[in-house]
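**Q** Mind having a look at this structure? Questions to follow.
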Amino acid sequence: MTREEIVEKVNSLLSEEFEVEAEAFTPEANVKETLSLDSLSLVDLVAIIQQTYKIKIPVSDLREIKTFNNLYDYIESHLPA
Amino acid sequence: MKYDIVVVGSGLGGLECAHILSRFGKSVLVLEKGSQPGGCIQSYRRGRMLFDTGFHYVGGLGEGQSLHAAFKSLGLLRLPWVQLDRTFDRVTIGAHTFSFHQGYDVFVEALAADFPQELDGLKSYANLLRTVEEHQLDVLNPSLSETLLPAELFEKSAFQYLEETFHDEMLINVLSGTSLKMELRRESLPLFTFLHGNSSFIESSWRLQGDGSLIAASLANDIQAYGGKVVCHAEVQELVEKDGRLVQAICADGTVYEGDLFISDVHPAVTCSWIKQSQKLRKAYRTRVSGQENTFGMLTVSLVMKPQTLKYFNYNRYVYRHPDVWTFYQKDGPVGGILMACRMPEDGEYVRQVDLLTPMRWSECEPWSDTRVGRRGDAYKEMKERRADECIALAETVVPCFREMISARYVSTPLTYRDYTSTPQGSAYGMRKDFRNPMQTVLSPRTPIPNLYLTGQNLVLHGLHGVTMTSLFTCAEIVGKERIWNMLRDEA
């Protein structure tokens, strides 16, 4: 899966699941703020990424994911071979 | 009339929350779709006999023990509880029977007599069980900022822990042998669930003289005495949100109930399906909740025994064909393990009612998933009667001539359970907790809608003990943990 494919799929998925227009998803935008995530819905984000990409995001890694670019990077580098 | 609290579903969790909150002076309404309150603790009548749906025994009711204060404050210690024999559970695997004793020290001693080389492991296991009991309410303790329970209990596999702690595979089977009261599954069962599901029973084990609906009736009576209301035949079909808060529950007959705060004791996926339009409940939450797997369901064989044939035994029997306690139900072939529990006789020493339970995979029920109670056809009947025969055959390995003592039998499957308790796939213990994913599989009582809370076996823990703990957690979110903590302290 190319970087572009990841970006496109993640954006459409998160837009649909969190009911936020994908135009707001700029690479440097803050994920938590853009998606209005609190401690409850942050778990939903982790669940969706896991269900879609079979990638488990531990809590310690979650803190490192701030921007959409961080999220794309994380998925790209953890995709199962 | 508008209520402070509307509770949807009158299972143990819903009734307990209603009890606690009505005692705190809230006006509380409980809505139940069935004809009686109780959910998974309701009983059902066959002939002159009442049979239990889910409940069979409970642990930790002794003074100072894990469930004592909570049950006292819920008025449930007034019920006729009878302590089981010192050897409260007996596990038979093939030709060998092992006993579980009440009291941690005796429990260890007795098993160490059968497995002397495992004494150290048994001691450390008992210590871990004690730790779980001691810290079960840490999250409510106002003087603690977080639980002192090690996080690894939630992130560790129960099976892996047993394999690391014990050398003898038979002992692992024995220690797990009483755990038909949870879903033993190597790939998912967290160590915490395993420990919590075992510890209080080892403290002390109790059986009710009567059926589980006594618990529901006692809670419902108290709720009404505190000014609350329990309405049956009220099948909620929609929860209406306005400006980001729930305002109404609409029932199938069109009746509308208004409330300031709602608690759902119904499966979270079903609860979400009732909220048609929401500003707060985004698709992501619905996806997560409906995407979670459920634990297995149970085949229950409810037996009426001929008078004066079977002497009452004041303990539970767990019987397995082979030492494959963790996997038998995943295999094809005849039933490989059962729980056998007697109803305590009202008078005399002979039993009139015995329940046999065994896990049943949903795949076995799936061909009839579109059918309703009483209209599932002959092939279904044939399947469940065959399974019942296999359970009876297994029971007969520990009680000779058991089959001849039976005068009537009634068999229910996860489908029956599904239709009476609104549990997807007739799951016996609700949503599956998974040590690989503790954060996602353990749901919070809070939801994205600020005045909708959840309770019941799907959230944190299951069973009478687990659901009661969860009710305390749910109520703590609503009235503050200090009040719940103080309520329990005053009862202790």
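Labels for the structure tokens follow display order: chains A, B, ..., residues from 1 in each chain, ligands from 1.
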Distance cut-off 6 Å, counting only C-alpha atoms - which residues of chain B neighbour chain A? Return them as a list of chain:residue names.

**A** B:Arg282, B:Lys283, B:Ala284, B:Tyr285

**Q** So that I have them on file, write out the residues from the current selection with C-alpha atoms, as an mmCIF file, in the first residue's frame.

**A**
```
data_model
loop_
_atom_site.group_PDB
_atom_site.id
_atom_site.type_symbol
_atom_site.label_atom_id
_atom_site.label_comp_id
_atom_site.auth_asym_id
_atom_site.auth_seq_id
_atom_site.Cartn_x
_atom_site.Cartn_y
_atom_site.Cartn_z
ATOM 1 C CA ARG B 282 -20.627 9.117 16.422
ATOM 2 C CA LYS B 283 -20.313 6.164 14.116
ATOM 3 C CA ALA B 284 -16.895 5.305 15.585
ATOM 4 C CA TYR B 285 -18.397 4.394 18.957
#
```

**Q** Taking only region 73-275 of chain B into account, list the residues labelled strand (DSSP E) by DSSP (computed from the backbone), as a PyMOL selection string.

**A** chain B and resi 81-83+87-93+96-101+205-208+229-231+236-242+245-251+256-264

**Q** In Å to one decimal, how far is CA of Glu385 (chain B) from CA of Val411 (chain B)?

**A**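 Going from CA of Val411 (chain B) over to CA of Glu385 (chain B), I get 7.1 Å.
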
**Q** Taking only C-alpha atoms into account, name the residue in A:Val31, A:Ile49, A:Ala22, A:Ile55 that is nearest to Pro80 (chain A).

**A**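 Looking at the shortest contact to Pro80 (chain A), the residue is A:Ile55.
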
**Q** At a cut-off of 10 Å, using only C-alpha atoms, what residues contact Arg489 (chain B)? Leave out same-chain residues fewer than 4 positions from it and give the result as a list in words.

**A**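 Here the answer would be Ala69, Ala70, Ser73, Arg483, Ile484 and Trp485 of chain B.
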
**Q** Convert the current residue selection to file output with C-alpha atoms, as a compact mmCIF listing (two decimals), in the first residue's frame.

**A**
```txt
# COMPACT_ATOMS: atom_id res chain seq x y z
CA ALA B 69 -20.83 -4.84 52.28
CA ALA B 70 -22.29 -4.41 48.79
CA SER B 73 -26.34 -2.27 51.39
CA ARG B 483 -20.70 8.54 48.28
CA ILE B 484 -20.46 4.96 47.07
CA TRP B 485 -17.30 4.38 49.08
```

**Q** Considering only C-alpha atoms, return as an MDAnalysis selection string whatever protein or nucleic-acid residues lie within 10 Å of Glu366 (chain B), sequence-local ones (same chain, fewer than 5 positions apart) excluded.

**A** chainID B and resid 361 371 414:415 425

**Q** Name all residues at most 7 Å from Gly59 (chain B) (count only C-alpha atoms; drop same-chain ones fewer than 4 positions away) and give them as a JSON list (two decimals) with C-alpha atoms, in the first residue's frame.

**A**
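Result file is result_14.json:
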```
[["chain", "number", "residue", "atom", "x", "y", "z"],
["B", 200, "SER", "CA", -14.67, -14.79, 46.08],
["B", 201, "PHE", "CA", -15.93, -18.38, 45.80],
["B", 203, "GLU", "CA", -13.44, -17.02, 50.35],
["B", 204, "SER", "CA", -16.84, -18.63, 50.89],
["B", 205, "SER", "CA", -19.55, -20.06, 48.64],
["B", 206, "TRP", "CA", -23.30, -19.71, 49.03]]
```

**Q** If I take CA of Lys123 (chain B) and CA of Leu61 (chain B), how far is one from the other in Å, to one decimal?

**A**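 Going from CA of Lys123 (chain B) over to CA of Leu61 (chain B), I get 22.9 Å.
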
**Q** Considering only C-alpha atoms, return as a PyMOL selection string whatever protein or nucleic-acid residues lie within 12 Å of Gly374 (chain B), sequence-local ones (same chain, fewer than 3 positions apart) excluded.

**A** chain B and resi 368+371+377-378+380-381+411-412+415-416+419

**Q** Skip Pro438 (chain B) itself and residues of its chain fewer than 3 positions away, then list as number ranges by chain all residues within 10 Å of it, counting only C-alpha atoms.

**A** B: 151, 153-156, 188, 190, 433-435, 441-443
